[in-house]
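upload-v4.txt follows; it contains compact mmCIF, C-alpha atoms.
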# COMPACT_ATOMS: atom_id res chain seq x y z
CA LEU A 216 -20.63 85.33 -26.51
CA GLY A 217 -20.57 89.02 -27.49
CA ARG A 218 -21.15 88.19 -31.13
CA ARG A 219 -24.08 85.96 -30.22
CA ARG A 220 -25.70 88.74 -28.22
CA VAL A 221 -25.24 91.19 -31.08
CA SER A 222 -26.70 88.66 -33.50
CA ARG A 223 -29.73 88.08 -31.29
CA LEU A 224 -30.22 91.82 -30.88
CA ALA A 225 -30.05 92.32 -34.63
CA GLY A 226 -32.75 89.70 -35.04
CA VAL A 227 -35.00 91.32 -32.43
CA LEU A 228 -34.64 94.94 -33.58
CA PRO A 229 -36.83 94.65 -36.71
CA THR A 230 -39.64 93.16 -34.60
CA VAL A 231 -39.33 95.93 -31.99
CA ASN A 232 -39.20 98.56 -34.73
CA MET A 233 -42.37 97.19 -36.35
CA PHE A 234 -44.12 97.12 -32.96
CA VAL A 235 -43.28 100.79 -32.35
CA HIS A 236 -44.50 101.77 -35.81
CA ARG A 237 -47.74 99.83 -35.43
CA LEU A 238 -48.37 101.31 -31.98
CA SER A 239 -47.82 104.90 -33.11
CA SER A 240 -49.87 104.24 -36.25
CA ARG A 241 -52.78 102.98 -34.15
CA ALA A 242 -52.48 106.04 -31.93
CA ALA A 243 -52.62 108.23 -35.05
CA GLY A 244 -55.88 106.56 -36.04
CA ALA A 245 -57.29 106.94 -32.54
CA VAL A 246 -56.63 110.70 -32.56
CA ARG A 247 -58.99 110.99 -35.53
CA ARG A 248 -61.39 108.50 -33.94
CA TRP A 249 -60.77 106.12 -36.85
CA ASN A 250 -62.50 108.39 -39.32
CA GLY A 251 -62.35 107.59 -43.04
CA GLU A 252 -64.17 104.27 -43.17
CA PRO A 253 -66.66 103.90 -46.06
CA ALA A 254 -70.11 105.08 -44.98
CA ARG A 255 -73.43 103.45 -45.75
CA ARG A 256 -74.76 104.04 -49.23
CA SER A 257 -78.25 103.63 -50.59
CA THR A 258 -76.87 103.60 -54.14
CA PRO A 259 -73.77 102.05 -55.70
CA ALA A 260 -70.62 104.13 -55.34
CA PRO A 261 -69.81 106.16 -58.48
CA THR A 262 -66.55 105.59 -60.30
CA PRO A 263 -65.19 109.00 -61.35
CA GLU A 264 -61.67 109.28 -62.72
CA LEU A 265 -59.85 110.97 -59.86
CA ILE A 266 -56.12 111.72 -59.60
CA LEU A 267 -54.82 112.95 -56.25
CA PHE A 268 -51.38 114.51 -55.86
CA GLU A 269 -50.57 114.44 -52.14
CA TYR A 270 -48.19 113.30 -49.45
CA GLU A 271 -49.13 111.17 -46.45
CA ALA A 272 -47.84 113.44 -43.67
CA SER A 273 -49.74 116.53 -44.83
CA PRO A 274 -52.68 117.42 -42.55
CA TRP A 275 -54.67 118.88 -45.43
CA CYS A 276 -54.10 115.82 -47.61
CA ARG A 277 -55.39 113.71 -44.71
CA ARG A 278 -58.71 115.56 -44.85
CA VAL A 279 -59.15 114.70 -48.53
CA ARG A 280 -58.17 111.05 -48.03
CA GLU A 281 -60.72 110.74 -45.22
CA THR A 282 -63.41 112.18 -47.50
CA LEU A 283 -62.50 109.77 -50.30
CA GLY A 284 -62.69 106.94 -47.76
CA VAL A 285 -66.07 107.95 -46.33
CA LEU A 286 -67.48 108.25 -49.85
CA GLY A 287 -65.89 104.95 -50.88
CA LEU A 288 -64.24 106.55 -53.91
CA ALA A 289 -61.25 104.99 -55.59
CA ALA A 290 -58.51 107.34 -56.76
CA LEU A 291 -55.17 107.21 -58.49
CA ILE A 292 -52.63 108.50 -55.97
CA LYS A 293 -49.47 110.20 -57.21
CA PRO A 294 -47.33 110.70 -54.08
CA CYS A 295 -45.37 113.94 -53.84
CA PRO A 296 -43.13 113.67 -50.75
CA ARG A 297 -41.03 116.64 -49.78
CA GLU A 298 -37.37 117.06 -50.67
CA THR A 299 -36.83 119.77 -48.08
CA LEU A 300 -38.63 121.33 -45.12
CA ARG A 301 -36.88 124.66 -45.65
CA ALA A 302 -39.41 126.01 -48.15
CA GLU A 303 -42.88 125.26 -49.43
CA GLY A 304 -43.21 124.37 -53.11
CA ALA A 305 -39.57 123.43 -53.68
CA PHE A 306 -38.67 120.35 -55.70
CA GLY A 307 -35.78 119.09 -57.77
CA ALA A 308 -35.01 116.67 -60.58
CA THR A 309 -35.59 113.60 -58.38
CA SER A 310 -39.23 114.50 -57.80
CA ARG A 311 -41.31 112.11 -59.88
CA HIS A 312 -44.83 113.59 -59.74
CA ARG A 313 -44.41 117.21 -58.60
CA PRO A 314 -43.61 118.48 -62.12
CA GLU A 315 -46.87 116.95 -63.38
CA ALA A 316 -48.75 118.44 -60.42
CA ALA A 317 -47.24 121.88 -61.09
CA ALA A 318 -48.26 121.67 -64.76
CA ALA A 319 -51.81 120.62 -63.82
CA ALA A 320 -52.10 123.47 -61.30
CA ALA A 321 -50.77 126.00 -63.82
CA GLU A 322 -53.18 124.80 -66.50
CA ALA A 323 -56.07 125.22 -64.07
CA GLY A 324 -54.94 128.73 -63.17
CA ALA A 325 -54.12 127.82 -59.59
CA SER A 326 -51.40 129.45 -57.48
CA SER A 327 -47.96 129.48 -59.07
CA ARG A 328 -46.57 128.08 -55.79
CA LEU A 329 -47.24 124.36 -55.69
CA SER A 330 -49.29 123.20 -52.70
CA PHE A 331 -51.03 120.00 -51.72
CA PRO A 332 -53.46 118.33 -51.95
CA LEU A 333 -54.18 118.76 -55.64
CA LEU A 334 -57.13 116.88 -57.15
CA VAL A 335 -57.66 116.37 -60.85
CA ASP A 336 -61.21 115.17 -61.52
CA ARG A 337 -61.19 114.14 -65.15
CA THR A 338 -64.83 113.10 -65.01
CA ALA A 339 -65.95 116.58 -63.97
CA GLY A 340 -63.17 118.33 -65.87
CA VAL A 341 -61.88 120.34 -62.90
CA THR A 342 -58.64 120.72 -60.95
CA LEU A 343 -58.74 121.86 -57.31
CA SER A 344 -55.94 122.65 -54.87
CA ASP A 345 -57.66 123.59 -51.60
CA SER A 346 -58.62 120.76 -49.24
CA ALA A 347 -61.92 122.35 -48.21
CA ALA A 348 -62.85 123.01 -51.84
CA ILE A 349 -61.89 119.47 -52.82
CA CYS A 350 -64.01 117.91 -50.08
CA GLU A 351 -66.97 120.14 -50.94
CA HIS A 352 -66.60 119.15 -54.59
CA LEU A 353 -66.51 115.43 -53.79
CA TRP A 354 -69.56 115.59 -51.53
CA SER A 355 -71.53 117.70 -54.02
CA LEU A 356 -70.91 115.46 -57.02
CA TYR A 357 -70.48 111.99 -55.49
CA GLY A 358 -72.16 112.12 -52.07
CA GLY A 359 -75.65 111.22 -53.22
CA GLY A 360 -77.11 108.33 -51.21
CA VAL A 361 -74.40 108.52 -48.52
CA GLU A 362 -75.27 108.69 -44.83
CA ARG A 363 -72.53 111.04 -43.72
CA PRO A 364 -71.25 109.97 -40.28
CA THR A 365 -71.63 112.51 -37.48
CA LEU A 366 -67.95 112.01 -36.67
CA ASP A 367 -66.87 113.06 -40.16
CA GLN A 368 -69.10 116.13 -39.99
CA ALA A 369 -67.45 117.12 -36.71
CA LEU A 370 -63.86 116.46 -37.82
CA ASN A 371 -64.22 117.85 -41.35
CA PRO A 372 -66.75 120.71 -41.12
CA ARG A 373 -67.55 122.69 -44.23
CA ARG A 374 -66.44 125.87 -42.48
CA ARG A 375 -62.94 125.91 -41.06
CA THR A 376 -62.50 126.25 -37.32
CA LEU A 377 -59.56 126.90 -35.02
CA LEU A 378 -59.43 123.18 -34.18
CA ASP A 379 -59.09 122.01 -37.79
CA PHE A 380 -55.32 122.15 -38.08
CA PRO A 381 -54.44 120.74 -34.61
CA LEU A 382 -56.77 117.77 -35.11
CA LEU A 383 -55.57 117.13 -38.65
CA ALA A 384 -51.90 117.51 -37.69
CA ALA A 385 -52.05 115.31 -34.58
CA PRO A 386 -51.49 111.99 -36.46
CA SER A 387 -48.40 113.46 -38.14
CA ALA A 388 -47.10 114.63 -34.76
CA LEU A 389 -47.37 111.05 -33.53
CA ARG A 390 -45.37 109.85 -36.54
CA PRO A 391 -42.86 112.65 -37.21
CA TRP A 392 -40.15 110.55 -38.87
CA PRO A 393 -38.97 111.46 -42.39
CA GLU A 394 -39.87 107.96 -43.63
CA ALA A 395 -43.45 108.28 -42.33
CA GLY A 396 -44.76 109.69 -45.59
CA LEU A 397 -42.92 113.00 -45.27
CA MET A 398 -39.59 112.98 -47.12
CA LEU A 399 -38.55 111.52 -50.45
CA ALA A 400 -36.63 108.24 -50.60
CA PRO A 401 -34.90 107.06 -53.81
CA SER A 402 -36.62 104.22 -55.62
CA GLU A 403 -37.05 102.39 -58.89
CA PRO A 404 -40.12 103.79 -60.70
CA ASN A 405 -43.09 101.52 -61.27
CA GLN A 406 -44.31 101.08 -64.83
CA GLN A 407 -47.86 100.26 -63.74
CA PRO A 408 -49.72 101.65 -60.71
CA LEU A 409 -49.88 99.39 -57.67
CA LEU A 410 -53.26 98.60 -56.10
CA LEU A 411 -53.86 99.16 -52.39
CA TYR A 412 -56.99 97.94 -50.65
CA GLY A 413 -56.96 99.81 -47.37
CA CYS A 414 -58.66 102.18 -44.96
CA GLU A 415 -57.48 105.62 -43.88
CA ALA A 416 -57.96 104.68 -40.21
CA ASP A 417 -56.24 101.29 -40.39
CA ALA A 418 -52.77 101.18 -38.79
CA GLY A 419 -51.29 98.73 -41.31
CA SER A 420 -52.73 100.61 -44.28
CA ARG A 421 -51.10 103.79 -42.99
CA LEU A 422 -47.68 102.14 -42.83
CA VAL A 423 -47.98 100.93 -46.42
CA ARG A 424 -49.23 104.32 -47.64
CA GLU A 425 -46.27 105.99 -45.95
CA ALA A 426 -43.83 103.73 -47.77
CA LEU A 427 -45.58 104.19 -51.12
CA CYS A 428 -45.45 107.94 -50.56
CA CYS A 429 -41.75 108.19 -49.70
CA LEU A 430 -40.87 105.93 -52.62
CA GLN A 431 -43.08 108.01 -54.97
CA LEU A 432 -44.85 104.89 -56.19
CA GLU A 433 -48.04 105.66 -58.05
CA TYR A 434 -50.92 103.50 -56.80
CA ARG A 435 -54.66 103.09 -56.99
CA SER A 436 -56.38 103.45 -53.62
CA GLN A 437 -59.49 101.35 -53.09
CA PRO A 438 -61.24 102.08 -49.74
CA ARG A 439 -62.34 99.13 -47.61
CA PRO A 440 -64.04 98.91 -44.18
CA LEU A 441 -61.99 98.27 -41.07
CA SER A 442 -63.64 94.86 -40.77
CA ALA A 443 -61.97 93.69 -44.00
CA PRO A 444 -58.55 91.97 -44.00
CA LEU A 445 -56.24 94.97 -44.37
CA PRO A 446 -54.09 96.08 -45.99
CA ALA A 447 -53.92 94.19 -49.27
CA LEU A 448 -51.31 95.22 -51.83
CA GLU A 449 -51.03 94.12 -55.45
CA ASP A 450 -48.03 94.98 -57.61
CA PRO A 451 -48.68 94.16 -61.28
CA ASN A 452 -45.06 95.05 -62.08
CA SER A 453 -43.80 91.96 -60.25
CA GLY A 454 -46.90 89.81 -59.75
CA PHE A 455 -46.78 90.37 -55.98
CA ALA A 456 -50.06 90.14 -54.04
CA ALA A 457 -50.46 89.70 -50.29
CA PHE A 458 -52.37 90.72 -47.17
CA GLY A 459 -50.59 92.36 -44.26
CA ALA A 460 -48.38 95.40 -43.74
CA ARG A 461 -45.18 93.47 -43.01
CA GLN A 462 -45.27 91.52 -46.27
CA ALA A 463 -46.13 94.65 -48.26
CA LEU A 464 -43.34 96.71 -46.68
CA GLU A 465 -40.79 93.96 -47.22
CA HIS A 466 -41.81 93.75 -50.87
CA LEU A 467 -41.53 97.52 -51.39
CA ASP A 468 -38.10 97.62 -49.76
CA ARG A 469 -36.85 94.63 -51.69
CA THR A 470 -38.29 95.55 -55.08
CA HIS A 471 -38.44 99.34 -55.28
CA ARG A 472 -36.34 101.07 -52.60
CA THR A 473 -32.80 102.08 -53.54
CA GLY A 474 -31.89 104.28 -50.55
CA GLU A 475 -33.00 105.92 -47.31
CA ALA A 476 -35.37 108.86 -46.97
CA LEU A 477 -33.99 112.37 -46.89
CA GLY A 478 -33.64 113.89 -43.42
CA TRP A 479 -35.39 116.80 -41.72
CA LEU A 480 -32.44 119.09 -42.46
CA ALA A 481 -32.22 118.34 -46.18
CA PRO A 482 -31.21 121.50 -48.10
CA LEU A 483 -33.13 123.10 -50.93
CA PRO A 484 -32.77 120.99 -54.08
CA SER A 485 -30.36 122.32 -56.66
CA PRO A 486 -31.57 123.28 -59.10
CA ASN A 487 -34.91 124.12 -57.52
CA LEU A 488 -37.61 123.61 -60.15
CA GLY A 489 -40.49 124.93 -58.05
CA GLU A 490 -41.50 128.35 -56.84
CA ALA A 491 -40.52 128.10 -53.20
CA ARG A 492 -41.41 130.25 -50.23
CA MET A 493 -39.50 129.90 -46.99
CA HIS A 494 -41.49 130.02 -43.75
CA PRO A 495 -40.85 133.42 -42.05
CA VAL A 496 -39.80 131.82 -38.75
CA LEU A 497 -37.35 129.48 -40.48
CA ALA A 498 -36.01 132.37 -42.54
CA ARG A 499 -35.19 134.29 -39.34
CA LEU A 500 -33.50 131.25 -37.81
CA LEU A 501 -31.33 130.82 -40.88
CA GLY A 502 -30.60 134.54 -41.07
CA ARG A 503 -32.22 135.10 -44.45

If you convert what's in this file into structure tokens, what do you get?
Amino acid sequence: LGRRRVSRLAGVLPTVNMFVHRLSSRAAGAVRRWNGEPARRSTPAPTPELILFEYEASPWCRRVRETLGVLGLAALIKPCPRETLRAEGAFGATSRHRPEAAAAAAEAGASSRLSFPLLVDRTAGVTLSDSAAICEHLWSLYGGGVERPTLDQALNPRRRTLLDFPLLAAPSALRPWPEAGLMLAPSEPNQQPLLLYGCEADAGSRLVREALCCLQLEYRSQPRPLSAPLPALEDPNSGFAAFGARQALEHLDRTHRTGEALGWLAPLPSPNLGEARMHPVLARLLGR
């Protein structure tokens, strides 16, 4: 009888776990009032060649993703999850895209300490590393014919306010787990970028983006309205294509994941290949 109960519990736990993740993901979207849906356009959306180095849990990366969504701009996403929370800019040999991001930032004359988001706009020939500057750039070059929603103007003002960070960080606070697009998880690299049709505000799309981020899987993001069947994931490396977060997550775990995400207390990588700066408060706590 005991074994039967354990077996039943084991069968129920994945369903309960998915319910909790969906619920918190929906709450994360509600905090931002479901901002990031493609806005109305009077002209066809442009197709610039954009590469975004980012990680899902970053508040500042969220601002850029919302802007890309509102403008309906596709972008090649190169996820750069963290290997440690002890210092900004640190990364080791297991980081797949951070070395490329660091090289791009150095070439553009940006700060020697790697920070995210980092946008490479090959069409315009520029590289930008500040979220406000990136959003201003995207609106200036690719916002023609777009009716900018009042909500987006309020949540992502051109001038920073004291409420910017709390409002941007709130979704991450609702999903604080390492595997929620924060910490690196070992995976098999993909030879070709995956394709994700999703929406920044969609709960299922968020869950898939988080997994893609932790696994460092390069993918092409194609914004879709919330009314569309979301998310839809295509993996040209295996021929996989399906709608729905559960199917996409199962595929990523089965095909690409090789281990669990690093924890909150993960140490600095050794050797550390990035120029790292420890937060002053954390430095005091650790006695450094």

Per-residue nearest contacts of segment 450-487 of chain A to segment 228-245 of chain A (12 Å; all atoms listed in the file) as a tab-separated table:
residue	atom	partner	partner_atom	distance
A:Gly459	CA	A:Arg237	CA	11.9
A:Ala460	CA	A:Arg237	CA	9.4
A:Arg461	CA	A:Met233	CA	8.1
A:Gln462	CA	A:Met233	CA	11.8
A:Leu464	CA	A:Met233	CA	10.4
A:Glu465	CA	A:Pro229	CA	11.3

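Between Asn371 of chain A and the residues A:Val279, A:Ala305, A:Leu411, A:Ala339, the shortest atom-to-atom distance, using all atoms listed in the file, involves A:Val279.
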
Would you mind reading off the distance between atom CA of Pro401 of chain A and atom CA of Phe458 of chain A, one decimal, in Å?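 So the two atoms, atom CA of Pro401 of chain A and atom CA of Phe458 of chain A, lie 24.8 Å apart.
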
Could you list, as JSON, numbers by chain, every residue within 12 Å of Leu329 of chain A, counting only C-alpha atoms and ignoring same-chain residues fewer than 4 positions away? {"A": [268, 269, 295, 297, 302, 303, 304, 305, 306, 312, 313, 314, 315, 316, 317, 318, 319, 320, 321, 324, 325, 333, 343, 344, 345, 488, 489, 490, 491, 492]}

Å distance separating atom CA of Glu433 of chain A from atom CA of Ile292 of chain A, one decimal place: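 For atom CA of Glu433 of chain A relative to atom CA of Ile292 of chain A, the distance reads 5.8 Å.
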
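Distance-wise, atom CA of His471 of chain A and atom CA of Ser402 of chain A end up 5.2 Å apart.
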
Just give me the residues with any atom within 6 Å of (-40.7, 110.8, -52.7), file coordinates, counting all atoms listed in the file, written as a ChimeraX atom specification. /A:295-296,399-400,428-431

With distances taken over all atoms listed in the file, which residue among A:Ala308, A:Ala385, A:Ala254, A:Leu441 lies nearest Asp367 of chain A? A:Ala254

For a cutoff of 12 Å around the file-coordinate point (-62.9, 109.1, -48.7), which residues qualify once you count only C-alpha atoms? I'd like the result as a count of residues only. 44

Which residue gives the smallest distance to Leu467 of chain A among A:Pro482, A:Pro294, A:Pro404, A:Pro386, with only C-alpha atoms counted?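 Of all the options, A:Pro404 lies closest to Leu467 of chain A.
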
Please determine, counting all atoms listed in the file, which residue among A:Glu362, A:Arg421, A:Arg328, A:Gly454 has the shortest atom-to-atom distance to Arg390 of chain A. A:Arg421

Would you pick out the contacts of Leu383 of chain A at 10 Å or less, using only C-alpha atoms, so that residues sharing its chain but fewer than 3 positions from it are not included, and give the list as a short mmCIF file (atom, residue, chain, number, x, y, z; two decimals) with C-alpha atoms, in the coordinates of the input?
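Output below, filename around.cif:
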data_model
loop_
_atom_site.label_atom_id
_atom_site.label_comp_id
_atom_site.auth_asym_id
_atom_site.auth_seq_id
_atom_site.Cartn_x
_atom_site.Cartn_y
_atom_site.Cartn_z
CA VAL A 246 -56.63 110.70 -32.56
CA ARG A 247 -58.99 110.99 -35.53
CA ALA A 272 -47.84 113.44 -43.67
CA SER A 273 -49.74 116.53 -44.83
CA PRO A 274 -52.68 117.42 -42.55
CA TRP A 275 -54.67 118.88 -45.43
CA CYS A 276 -54.10 115.82 -47.61
CA ARG A 277 -55.39 113.71 -44.71
CA ARG A 278 -58.71 115.56 -44.85
CA LEU A 370 -63.86 116.46 -37.82
CA ASN A 371 -64.22 117.85 -41.35
CA LEU A 378 -59.43 123.18 -34.18
CA ASP A 379 -59.09 122.01 -37.79
CA PHE A 380 -55.32 122.15 -38.08
CA PRO A 386 -51.49 111.99 -36.46
CA SER A 387 -48.40 113.46 -38.14
CA ALA A 388 -47.10 114.63 -34.76
#

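If you measure from each of A:Ile266, A:Leu397, A:Leu422, A:Leu410 to Val341 of chain A using all atoms listed in the file, the closest one turns out to be A:Ile266.
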
Take every atom of segment 347-354 of chain A listed in the file, fit an axis-aligned box around them, add 6 Å per side, and give the centre and edge lengths in Å to one decimal as JSON.
{"center_x": -65.7, "center_y": 119.2, "center_z": -51.4, "size_x": 19.7, "size_y": 19.6, "size_z": 18.4}

Counting all atoms listed in the file, which residue out of A:Glu403, A:Ala323, A:Ser330, A:Trp249 sits closest to Thr473 of chain A?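 Of A:Glu403, A:Ala323, A:Ser330, A:Trp249, the one nearest Thr473 of chain A, counting all atoms listed in the file, is A:Glu403.
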